[in-house]
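S.K.: Got a structure for you, my_file13.cif, holding mmCIF, C-alpha atoms, pLDDT in the B column; chains and numbers go by the auth columns.
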data_query
#
loop_
_atom_site.group_PDB
_atom_site.id
_atom_site.type_symbol
_atom_site.label_atom_id
_atom_site.label_comp_id
_atom_site.label_asym_id
_atom_site.label_seq_id
_atom_site.Cartn_x
_atom_site.Cartn_y
_atom_site.Cartn_z
_atom_site.B_iso_or_equiv
_atom_site.auth_seq_id
_atom_site.auth_asym_id
ATOM 1 C CA MET A 1 23.998 -31.551 -97.450 47.00 8 A
ATOM 2 C CA VAL A 2 25.672 -33.956 -95.027 47.00 9 A
ATOM 3 C CA ARG A 3 23.763 -34.616 -91.845 49.00 10 A
ATOM 4 C CA ASN A 4 24.468 -36.994 -89.023 49.00 11 A
ATOM 5 C CA ILE A 5 20.957 -38.429 -89.231 50.00 12 A
ATOM 6 C CA ASP A 6 19.815 -41.863 -90.348 51.00 13 A
ATOM 7 C CA TYR A 7 16.257 -41.761 -91.722 45.00 14 A
ATOM 8 C CA GLN A 8 14.271 -44.951 -91.241 46.00 15 A
ATOM 9 C CA MET A 9 12.646 -46.266 -94.427 46.00 16 A
ATOM 10 C CA GLY A 10 8.889 -45.764 -94.435 48.00 17 A
ATOM 11 C CA LYS A 11 8.858 -44.043 -91.051 53.00 18 A
ATOM 12 C CA ASN A 12 8.999 -40.428 -89.994 56.00 19 A
ATOM 13 C CA GLN A 13 11.564 -41.266 -87.322 56.00 20 A
ATOM 14 C CA LYS A 14 15.100 -39.963 -87.241 58.00 21 A
ATOM 15 C CA ASN A 15 17.970 -41.621 -85.448 63.00 22 A
ATOM 16 C CA ILE A 16 20.727 -39.209 -84.595 64.00 23 A
ATOM 17 C CA LEU A 17 23.959 -41.084 -85.150 70.00 24 A
ATOM 18 C CA GLN A 18 26.721 -40.977 -82.587 74.00 25 A
ATOM 19 C CA SER A 19 29.176 -38.100 -82.988 78.00 26 A
ATOM 20 C CA ASP A 20 32.205 -40.344 -82.699 79.00 27 A
ATOM 21 C CA GLU A 21 35.693 -39.674 -84.097 79.00 28 A
ATOM 22 C CA ASN A 22 34.387 -40.302 -87.634 78.00 29 A
ATOM 23 C CA CYS A 23 31.701 -37.607 -87.425 81.00 30 A
ATOM 24 C CA PRO A 24 32.509 -34.920 -90.028 83.00 31 A
ATOM 25 C CA VAL A 25 31.331 -32.113 -87.736 83.00 32 A
ATOM 26 C CA ARG A 26 33.496 -33.346 -84.880 86.00 33 A
ATOM 27 C CA ARG A 27 36.530 -33.712 -87.144 87.00 34 A
ATOM 28 C CA SER A 28 35.984 -30.233 -88.594 89.00 35 A
ATOM 29 C CA LEU A 29 35.604 -28.716 -85.140 90.00 36 A
ATOM 30 C CA LYS A 30 38.863 -30.324 -84.090 90.00 37 A
ATOM 31 C CA LEU A 31 40.577 -28.221 -86.762 90.00 38 A
ATOM 32 C CA LEU A 32 38.423 -25.093 -86.812 92.00 39 A
ATOM 33 C CA GLY A 33 36.805 -24.985 -83.368 90.00 40 A
ATOM 34 C CA GLY A 34 39.443 -22.914 -81.591 91.00 41 A
ATOM 35 C CA LYS A 35 38.383 -19.594 -80.073 93.00 42 A
ATOM 36 C CA TRP A 36 40.432 -17.574 -82.584 96.00 43 A
ATOM 37 C CA THR A 37 40.792 -19.931 -85.567 96.00 44 A
ATOM 38 C CA LEU A 38 37.927 -18.763 -87.776 95.00 45 A
ATOM 39 C CA LEU A 39 38.567 -15.121 -86.865 95.00 46 A
ATOM 40 C CA ILE A 40 42.154 -15.457 -88.077 97.00 47 A
ATOM 41 C CA LEU A 41 41.086 -17.154 -91.309 97.00 48 A
ATOM 42 C CA PHE A 42 38.345 -14.542 -91.801 95.00 49 A
ATOM 43 C CA GLN A 43 40.810 -11.671 -91.298 96.00 50 A
ATOM 44 C CA ILE A 44 43.403 -13.095 -93.679 97.00 51 A
ATOM 45 C CA ASN A 45 40.643 -13.737 -96.211 94.00 52 A
ATOM 46 C CA GLU A 46 41.717 -13.432 -99.858 92.00 53 A
ATOM 47 C CA ARG A 47 44.664 -11.135 -99.236 95.00 54 A
ATOM 48 C CA VAL A 48 48.279 -11.272 -98.171 97.00 55 A
ATOM 49 C CA ILE A 49 48.662 -9.894 -94.667 97.00 56 A
ATOM 50 C CA ARG A 50 51.619 -9.238 -92.412 95.00 57 A
ATOM 51 C CA TYR A 51 51.746 -10.368 -88.799 94.00 58 A
ATOM 52 C CA GLY A 52 51.397 -6.891 -87.246 94.00 59 A
ATOM 53 C CA GLU A 53 48.389 -6.034 -89.390 96.00 60 A
ATOM 54 C CA LEU A 54 46.740 -9.325 -88.451 96.00 61 A
ATOM 55 C CA LYS A 55 47.425 -8.727 -84.745 96.00 62 A
ATOM 56 C CA ARG A 56 45.788 -5.273 -84.948 96.00 63 A
ATOM 57 C CA ALA A 57 42.778 -6.724 -86.789 96.00 64 A
ATOM 58 C CA ILE A 58 41.943 -9.105 -83.908 96.00 65 A
ATOM 59 C CA PRO A 59 41.689 -7.146 -80.637 96.00 66 A
ATOM 60 C CA GLY A 60 42.075 -9.261 -77.523 96.00 67 A
ATOM 61 C CA ILE A 61 44.272 -12.005 -78.947 96.00 68 A
ATOM 62 C CA SER A 62 47.659 -12.330 -77.265 96.00 69 A
ATOM 63 C CA GLU A 63 50.856 -12.493 -79.272 95.00 70 A
ATOM 64 C CA LYS A 64 51.562 -15.983 -77.932 97.00 71 A
ATOM 65 C CA VAL A 65 48.148 -17.322 -78.950 97.00 72 A
ATOM 66 C CA LEU A 66 48.260 -15.685 -82.385 97.00 73 A
ATOM 67 C CA ILE A 67 51.650 -17.254 -83.085 96.00 74 A
ATOM 68 C CA GLN A 68 50.421 -20.672 -81.866 97.00 75 A
ATOM 69 C CA GLU A 69 47.261 -20.463 -83.976 97.00 76 A
ATOM 70 C CA LEU A 70 49.169 -19.343 -87.076 97.00 77 A
ATOM 71 C CA ASN A 71 51.656 -22.196 -86.648 97.00 78 A
ATOM 72 C CA PHE A 72 48.742 -24.654 -86.289 97.00 79 A
ATOM 73 C CA LEU A 73 47.046 -23.269 -89.414 98.00 80 A
ATOM 74 C CA VAL A 74 50.299 -23.413 -91.398 98.00 81 A
ATOM 75 C CA GLU A 75 50.981 -26.982 -90.192 97.00 82 A
ATOM 76 C CA HIS A 76 47.486 -28.079 -91.263 97.00 83 A
ATOM 77 C CA LYS A 77 47.798 -26.303 -94.625 97.00 84 A
ATOM 78 C CA PHE A 78 45.047 -23.721 -94.126 97.00 85 A
ATOM 79 C CA VAL A 79 47.528 -20.837 -94.227 98.00 86 A
ATOM 80 C CA SER A 80 50.708 -20.218 -96.179 98.00 87 A
ATOM 81 C CA LYS A 81 53.591 -18.400 -94.498 97.00 88 A
ATOM 82 C CA LYS A 82 56.283 -16.567 -96.421 96.00 89 A
ATOM 83 C CA ALA A 83 59.276 -15.255 -94.474 93.00 90 A
ATOM 84 C CA TYR A 84 61.677 -12.818 -96.090 92.00 91 A
ATOM 85 C CA PRO A 85 65.356 -12.822 -95.056 91.00 92 A
ATOM 86 C CA GLU A 86 65.362 -9.164 -94.056 89.00 93 A
ATOM 87 C CA ILE A 87 66.144 -7.190 -90.947 90.00 94 A
ATOM 88 C CA PRO A 88 63.732 -6.556 -89.366 87.00 95 A
ATOM 89 C CA PRO A 89 62.107 -9.846 -90.409 87.00 96 A
ATOM 90 C CA ARG A 90 59.058 -9.636 -92.656 91.00 97 A
ATOM 91 C CA VAL A 91 56.495 -12.445 -92.642 94.00 98 A
ATOM 92 C CA GLU A 92 53.383 -12.589 -94.794 96.00 99 A
ATOM 93 C CA TYR A 93 50.400 -14.892 -94.462 98.00 100 A
ATOM 94 C CA SER A 94 47.791 -15.912 -97.018 98.00 101 A
ATOM 95 C CA LEU A 95 45.145 -18.600 -97.253 98.00 102 A
ATOM 96 C CA THR A 96 45.827 -21.795 -99.150 97.00 103 A
ATOM 97 C CA LYS A 97 43.131 -23.386 -101.318 97.00 104 A
ATOM 98 C CA LEU A 98 42.037 -25.334 -98.243 97.00 105 A
ATOM 99 C CA GLY A 99 41.928 -22.128 -96.197 96.00 106 A
ATOM 100 C CA VAL A 100 39.766 -20.397 -98.812 97.00 107 A
ATOM 101 C CA LYS A 101 37.250 -23.244 -98.410 96.00 108 A
ATOM 102 C CA THR A 102 36.690 -22.106 -94.804 95.00 109 A
ATOM 103 C CA LEU A 103 35.521 -18.613 -95.794 95.00 110 A
ATOM 104 C CA PRO A 104 31.893 -19.655 -96.442 95.00 111 A
ATOM 105 C CA ILE A 105 31.797 -21.038 -92.883 94.00 112 A
ATOM 106 C CA ALA A 106 32.893 -17.675 -91.482 93.00 113 A
ATOM 107 C CA ASP A 107 30.471 -15.871 -93.806 93.00 114 A
ATOM 108 C CA THR A 108 27.610 -18.066 -92.601 92.00 115 A
ATOM 109 C CA LEU A 109 28.510 -17.328 -88.971 91.00 116 A
ATOM 110 C CA ALA A 110 28.641 -13.608 -89.729 89.00 117 A
ATOM 111 C CA THR A 111 25.211 -13.746 -91.383 89.00 118 A
ATOM 112 C CA PHE A 112 23.830 -15.728 -88.447 88.00 119 A
ATOM 113 C CA GLY A 113 25.250 -13.141 -86.067 86.00 120 A
ATOM 114 C CA LEU A 114 23.780 -10.226 -87.979 85.00 121 A
ATOM 115 C CA GLU A 115 20.347 -11.795 -88.401 83.00 122 A
ATOM 116 C CA THR A 116 19.857 -13.698 -85.171 85.00 123 A
ATOM 117 C CA LEU A 117 22.025 -12.576 -82.303 76.00 124 A
ATOM 118 C CA GLN A 118 20.487 -9.086 -82.249 73.00 125 A
ATOM 119 C CA GLN A 119 17.285 -10.726 -81.023 76.00 126 A
ATOM 120 C CA ILE A 120 19.014 -12.517 -78.163 75.00 127 A
ATOM 121 C CA ALA A 121 20.170 -10.655 -75.078 60.00 128 A
ATOM 122 C CA TYR A 122 23.919 -11.332 -75.186 58.00 129 A
ATOM 123 C CA ARG A 123 25.393 -11.780 -71.725 54.00 130 A
#
Could you spell out this file's structure in structure tokens?

M.R.:
Amino acid sequence: MVRNIDYQMGKNQKNILQSDENCPVRRSLKLLGGKWTLLILFQINERVIRYGELKRAIPGISEKVLIQELNFLVEHKFVSKKAYPEIPPRVEYSLTKLGVKTLPIADTLATFGLETLQQIAYR
């Protein structure tokens, strides 16, 4: 497990290292920390999904934001986009190998939510 902690030899002290631009958590959050990013990846999951189905699966997301997020995810190779030259246009999305690697993160968040957030008064 990677942690941003430097353990001192022979001491029980921990020094928390600076979360600078090289911090793996910070770099990951830059890619995956958007409000809708993990929800989109979680909804696509291990299937091929069309735009309209994805939009219906995420209530509250605007069309503009969904398009922006999908373009970002395609550009960063988390999602694959296949457009068919048909009228009306048909576009399908699926996760790339890199995108599939994000699913355990979403699963862990879902487990955390199920186990922990019930105990906290959500405001």

S.K.: Which one is closest to Thr109 of chain A: A:Leu80, A:Ile127, A:Leu24, A:Ile56? Count only C-alpha atoms.

M.R.: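 Distance minimum relative to Thr109 of chain A lands on A:Leu80.
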
S.K.: Just how far from atom CA of Ser101 of chain A is atom CA of Ala117 of chain A, in Å to one decimal?

M.R.: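 Value for the atom CA of Ala117 of chain A-atom CA of Ser101 of chain A distance: 20.6 Å.
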
S.K.: Which residue gives the smallest distance to Pro111 of chain A among A:Ser87, A:Thr123, A:Asn52, A:Gln75, with all atoms listed in the file counted?

M.R.: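 Counting all atoms listed in the file, the residue closest to Pro111 of chain A is A:Asn52.
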
S.K.: Would you mind telling me which residue in A:Gln25, A:Val86, A:Ala64, A:Arg57 lies nearest to Leu102 of chain A when using all atoms listed in the file?

M.R.: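 Using all atoms listed in the file, Leu102 of chain A sits closest to A:Val86.
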
S.K.: Report, in Å to a single decimal, how far apart atom CA of Val107 of chain A and atom CA of Trp43 of chain A are.

M.R.: 16.5 Å

S.K.: Could you tell me how far atom CA of Arg33 of chain A lies from atom CA of Leu116 of chain A, in Å and to one decimal?

M.R.: 17.3 Å

S.K.: Tell me which residues the PyMOL selection byres ((chain A and resi 65) around 12) grabs here, as a ChimeraX atom specification.

M.R.: /A:42-51,58-64,66-70,72-73
